[in-house]
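Novice: Sharing a structure with you now.
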Amino acid sequence: MNVTFVLEAIVVLGSIVLGTRAGGVGIGIWGGVGTFVLVFVFGEAPGEAPGAAMAIILGVVTSAALMQAAGGIDWMVAMAARVIEKRPRQITLIAPVTAFLFTAGAGTGNIVYPLLPVIYDVSYKNGVRPSKPLTVTVVQSGIALAASPVSAAMAAMLTLTDVAPYDLGLAGILAITFPACLAGIVVTSLVVGRLGGKDIADDPEIQARIAEGHLAPPSSSDTAASSALTYTARGRNAALAFLAGVLAIVVFGIFPDLRPEFADMTTTIVLVMLVVGALILAVGRPKIDEVPDQSVFKAGMVAAIALFGIAWLTATFIAAHEEYIVTTVGGWVTDFRFIFAIAVFLVAAMTTSQSTATRTIVPIGLAAGLPVGVATGMWAGALGGVYTLPANGPQIAAANFDQTGSTRLGTKLVDHSFFVPMLVLSVTTVAVGSIIGAFF
């Protein structure tokens with residue numbers, strides 16, 4: 001085995017581990033340190049910096065933060081809550097599917113937070129064990145970004161696949177990931193609904209808490225949970241403008257003849273999002289000075305910095321050893337394709353970042369000869385690994401909102417309520433995505 005390859009691989013892995021321990025922008029910083037070592041110590045030529053992905057993220061995050069500042073996410077949440085409340089007995093399926101559609105449309109999993117108390121309230125009042133819809137709704141956001149035209153993960157993936165010799169653009173990616181993710185969510189909802197524990201009437205622990213007065217009886221309130229969710233006309237207009245931009249991007253991806261021949265999808269996404277931002281300024285009238293304080297903006301900037309460092313590191317490593325990767329690692333991936341999915345899953349679990357996992361592993365899988373369609377399908381499901389450990393905000397929030405105690409964070413890292421739903425979702429989506437991707 002090539003000694004230089006092994007040493008540089010250790011540098012790459014070490015940078016990822018140290019970045020993961022630092023968290024947030026630390027992932028990008030340590031990615032830069034690793035790139036420095038490869039260039040200045042090993043003498044490798046710097047790989048291509050991820051300028052296209054950065055441009056997409058900045059354009060999307062700017063418009064999304066403007067929408068949030070105008071109250072657009074409040075409107076989205078209120079609409080999602082209404083859908084969930086219409087079929088309360090099917091909430092284990094309706095809640096995650098609804099959350100998936102809005103997460104994919106908004107390009108951020110932050111939309112899940114305000115939905116959690118609504119999901120808890122509706123499920124509890126209707127006798128459904130709250131952990132069932134709560135856990136599936138949370139874990140779906142791990143893969144939903146693979147089906148979003150405007151997520152940071154999609155920006156990272158698009159710049160890897162929408163180039164020769166792969167030529168898999170946005171429309172092709174969505175044609176694989178969207179149905180695969182939806183199938184994974186439906187299967188997971190059915191499994192959790194059947195095997196996710198006893199419902200309220202049959203659970204002795206919950207019934208004991210009700211008898212002791214710690215919980216009100218489920219039928220004690222008929223007030224709709226969504227009634228507490230308010231939005232403004234400006235927020236509605238801002239959200240509609242943003243969603244119109246998302247739709248326009250999808251249309252441009254499906255019908256490339258609508259674009260000037262010199263405008264690739266990166267240019268198209270950035271320009272459409274900037275125009276959308278101007279529309280939001282006109283119809284939503286957000287306060288500009290509040291935009292940098294929005295959670296979408298902060299999360300997007302962290303993702304951009306993390307992506308920049310780690311993507312530059314990976315690009316440098318692959319460029320230096322592409323022939324060796326193709327001849328050696330390529331054989332492993334060809335014989336055991338699931339290795340690719342496991343690698344994406346593990347990096348997603350370690351970094352809790354879909355975009356970081358994308359730029360770290362996908363280039364290696366593609367360079368090793370994995371068919372682009374199959375890689376895309378596996379990628380979507382493997383991103384669910386971000387919820388392997390019970391350390392993410394949505395998991396903690398869901399456990400805190402569930403007053404019955406049915407949603408647990410566990411004490412042994414993998415004994416939490418989200419682990420089994422996450423595994424079912426990831427495996428199912430990987431399997432379905434691989435089958436669909438094989439036709440591309």
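Residues are referred to by chain and number: the chain letter is A, B, ... according to the order shown in the structure tokens, the number counts from 1 in that chain, and ligands are numbered separately from 1 in the order shown.
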As a PyMOL selection string, please: the residues near segment 201-207 of chain A (cut-off 8 Å, only C-alpha atoms, same-chain neighbours under 5 positions excluded).
Specialist: chain A and resi 127+404-405
Novice: How far is it from atom CA of Val344 of chain A to atom CA of Ser63 of chain A, in Å with one decimal?
Specialist: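 Spanning atom CA of Val344 of chain A to atom CA of Ser63 of chain A is a straight-line distance of 28.8 Å.
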Novice: As a PyMOL selection string, please: the residues near segment 364-374 of chain A (cut-off 9 Å, only C-alpha atoms, same-chain neighbours under 6 positions excluded).
Specialist: chain A and resi 160-161+166-168+172-173+176+314+318+322-323+325-334+337+340+433-440
Novice: Calculated over only C-alpha atoms, which of the candidates A:Val61, A:Ala241, A:Leu195, A:Ala104 has the smallest distance to Ala299 of chain A?
Specialist: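 When distances to Ala299 of chain A are compared using only C-alpha atoms, the smallest one comes from A:Val61.
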Novice: Among segment 404-437 of chain A, which residues does DSSP mark as helix (DSSP H, G or I) when it is run on the backbone? Keep the chain and numbering as in the structure and answer as a compact mmCIF listing (two decimals) with N, CA and C atoms, in the first residue's frame.
Specialist:
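Output (part.txt):
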```
# COMPACT_ATOMS: atom_id res chain seq x y z
N PHE A 419 -33.27 5.97 17.96
CA PHE A 419 -32.28 5.12 17.31
C PHE A 419 -32.91 4.14 16.32
N VAL A 420 -33.92 3.40 16.75
CA VAL A 420 -34.55 2.42 15.86
C VAL A 420 -35.24 3.11 14.68
N PRO A 421 -36.05 4.18 14.91
CA PRO A 421 -36.63 4.87 13.75
C PRO A 421 -35.57 5.38 12.78
N MET A 422 -34.44 5.87 13.31
CA MET A 422 -33.37 6.36 12.45
C MET A 422 -32.78 5.23 11.60
N LEU A 423 -32.56 4.06 12.20
CA LEU A 423 -32.01 2.94 11.45
C LEU A 423 -32.97 2.45 10.37
N VAL A 424 -34.24 2.32 10.73
CA VAL A 424 -35.23 1.87 9.75
C VAL A 424 -35.31 2.86 8.60
N LEU A 425 -35.34 4.14 8.93
CA LEU A 425 -35.42 5.18 7.90
C LEU A 425 -34.21 5.15 6.99
N SER A 426 -33.01 5.06 7.57
CA SER A 426 -31.78 5.08 6.78
C SER A 426 -31.68 3.86 5.87
N VAL A 427 -31.91 2.69 6.43
CA VAL A 427 -31.77 1.46 5.65
C VAL A 427 -32.80 1.42 4.52
N THR A 428 -34.04 1.78 4.83
CA THR A 428 -35.08 1.75 3.81
C THR A 428 -34.79 2.74 2.69
N THR A 429 -34.40 3.95 3.07
CA THR A 429 -34.13 4.97 2.06
C THR A 429 -32.92 4.61 1.21
N VAL A 430 -31.88 4.06 1.83
CA VAL A 430 -30.71 3.61 1.07
C VAL A 430 -31.10 2.54 0.07
N ALA A 431 -31.92 1.57 0.51
CA ALA A 431 -32.31 0.47 -0.37
C ALA A 431 -33.15 0.98 -1.54
N VAL A 432 -34.17 1.79 -1.24
CA VAL A 432 -35.03 2.30 -2.30
C VAL A 432 -34.25 3.24 -3.21
N GLY A 433 -33.43 4.11 -2.61
CA GLY A 433 -32.62 5.03 -3.40
C GLY A 433 -31.66 4.33 -4.33
N SER A 434 -31.07 3.22 -3.87
CA SER A 434 -30.15 2.46 -4.71
C SER A 434 -30.86 1.86 -5.91
N ILE A 435 -32.07 1.33 -5.67
CA ILE A 435 -32.84 0.73 -6.76
C ILE A 435 -33.21 1.78 -7.80
N ILE A 436 -33.74 2.93 -7.32
CA ILE A 436 -34.12 3.99 -8.26
C ILE A 436 -32.89 4.53 -8.97
N GLY A 437 -31.82 4.74 -8.22
CA GLY A 437 -30.60 5.30 -8.79
C GLY A 437 -29.95 4.43 -9.83
```
Novice: Neighbouring residues of Ala238 of chain A were defined as those with any atom within 7 Å, considering only C-alpha atoms; residues of the same chain fewer than 6 positions away were excluded. Please report them as number ranges by chain.
Specialist: A: 67, 70, 72, 280, 283-284
Novice: Here is a test: counting only C-alpha atoms, which residue of A:Ala216, A:Leu271, A:Val414, A:Ala147 is nearest to Thr103 of chain A?
Specialist: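 For Thr103 of chain A, the nearest of the given residues is A:Ala147.
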Novice: For each of A:Trp75, A:Phe345, A:Phe5, A:Tyr120, take the minimum atom-to-atom distance to Thr135 of chain A, counting only C-alpha atoms, then give the residue where this is smallest.
Specialist: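 Looking at the shortest contact to Thr135 of chain A, the residue is A:Tyr120.
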Novice: So that I can check the surroundings of Ala341 of chain A, please list as a list in words every protein, DNA and RNA residue that reaches within 9 Å of it, counting only C-alpha atoms and ignoring chain neighbours fewer than 4 positions away.
Specialist: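 Everything that qualifies: Arg337, Phe345, Leu346, Ala375, Met378, Trp379, Gly381, Ala382, Leu383 and Val430 of chain A.
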Novice: Could you give me, as an NGL selection string, the residues within 12 Å of Ile254 of chain A, counting only C-alpha atoms and dropping anything in the same chain fewer than 5 positions from it?
Specialist: :A and (149 or 168-175 or 247-249 or 259 or 265)
Novice: Keeping only N, CA and C atoms, write the selected residues as an mmCIF file, in the first residue's frame.
Specialist:
```cif
data_model
loop_
_atom_site.group_PDB
_atom_site.id
_atom_site.type_symbol
_atom_site.label_atom_id
_atom_site.label_comp_id
_atom_site.auth_asym_id
_atom_site.auth_seq_id
_atom_site.Cartn_x
_atom_site.Cartn_y
_atom_site.Cartn_z
ATOM 1 N N PRO A 149 -34.276 21.303 -2.897
ATOM 2 C CA PRO A 149 -33.478 22.004 -3.917
ATOM 3 C C PRO A 149 -32.602 23.108 -3.342
ATOM 4 N N LEU A 168 -25.390 14.502 -13.633
ATOM 5 C CA LEU A 168 -26.649 14.299 -12.920
ATOM 6 C C LEU A 168 -27.024 15.624 -12.259
ATOM 7 N N GLY A 169 -27.966 16.333 -12.859
ATOM 8 C CA GLY A 169 -28.348 17.642 -12.368
ATOM 9 C C GLY A 169 -29.384 17.587 -11.269
ATOM 10 N N LEU A 170 -29.918 18.748 -10.940
ATOM 11 C CA LEU A 170 -30.876 18.855 -9.846
ATOM 12 C C LEU A 170 -32.108 17.985 -10.078
ATOM 13 N N ALA A 171 -32.653 18.025 -11.283
ATOM 14 C CA ALA A 171 -33.848 17.225 -11.580
ATOM 15 C C ALA A 171 -33.577 15.738 -11.382
ATOM 16 N N GLY A 172 -32.407 15.277 -11.818
ATOM 17 C CA GLY A 172 -32.061 13.872 -11.656
ATOM 18 C C GLY A 172 -31.892 13.486 -10.199
ATOM 19 N N ILE A 173 -31.226 14.348 -9.428
ATOM 20 C CA ILE A 173 -31.036 14.066 -8.000
ATOM 21 C C ILE A 173 -32.387 13.964 -7.301
ATOM 22 N N LEU A 174 -33.265 14.932 -7.548
ATOM 23 C CA LEU A 174 -34.576 14.938 -6.898
ATOM 24 C C LEU A 174 -35.415 13.738 -7.331
ATOM 25 N N ALA A 175 -35.272 13.321 -8.591
ATOM 26 C CA ALA A 175 -36.029 12.164 -9.070
ATOM 27 C C ALA A 175 -35.638 10.892 -8.313
ATOM 28 N N LEU A 247 -39.737 26.593 -6.474
ATOM 29 C CA LEU A 247 -40.401 25.992 -7.626
ATOM 30 C C LEU A 247 -39.721 26.400 -8.931
ATOM 31 N N ALA A 248 -39.326 27.661 -9.024
ATOM 32 C CA ALA A 248 -38.644 28.140 -10.228
ATOM 33 C C ALA A 248 -37.326 27.398 -10.438
ATOM 34 N N ILE A 249 -36.603 27.156 -9.363
ATOM 35 C CA ILE A 249 -35.330 26.424 -9.462
ATOM 36 C C ILE A 249 -35.561 25.014 -9.980
ATOM 37 N N ARG A 259 -33.085 28.082 -19.530
ATOM 38 C CA ARG A 259 -31.945 28.870 -19.060
ATOM 39 C C ARG A 259 -31.067 29.267 -20.232
ATOM 40 N N MET A 265 -26.620 25.377 -13.320
ATOM 41 C CA MET A 265 -27.560 25.380 -12.204
ATOM 42 C C MET A 265 -27.034 26.153 -11.002
#
```
Novice: Calculated over only C-alpha atoms, which of the candidates A:Met154, A:Ala380, A:Leu240, A:Leu145 has the smallest distance to Ala52 of chain A?
Specialist: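 Among A:Met154, A:Ala380, A:Leu240, A:Leu145, it is A:Met154 that comes nearest to Ala52 of chain A.
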Novice: For the atom pair atom CA of Tyr124 of chain A and atom CA of Ile200 of chain A, what is the interatomic distance in Å to one decimal place?
Specialist: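 Calculated distance between atom CA of Tyr124 of chain A and atom CA of Ile200 of chain A is 7.5 Å.
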Novice: Give me the residues near Thr62 of chain A as a ChimeraX atom specification, where near means some atom within 12 Å (using only C-alpha atoms) and where sequence neighbours in that chain fewer than 5 positions away do not count.
Specialist: /A:55-57,67-69,150,242,270-278,280-281,288,290-301
Novice: Separation of atom CA of Leu66 of chain A and atom CA of Ala81 of chain A, in Å?
Specialist: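 Those two atoms sit 22.3 Å apart.
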Novice: When you count only C-alpha atoms, which of these residues is closest to Val186 of chain A: A:Gly24, A:Gly410, A:Gly34, A:Pro96?
Specialist: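 Using only C-alpha atoms, the shortest distance to Val186 of chain A belongs to A:Pro96.
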Novice: Could you check the closest approach to Val302 of chain A for each of A:Ala320, A:Thr358, A:Asp74, A:Ile29 and tell me which residue wins, using only C-alpha atoms?
Specialist: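 Looking at the shortest contact to Val302 of chain A, the residue is A:Ile29.
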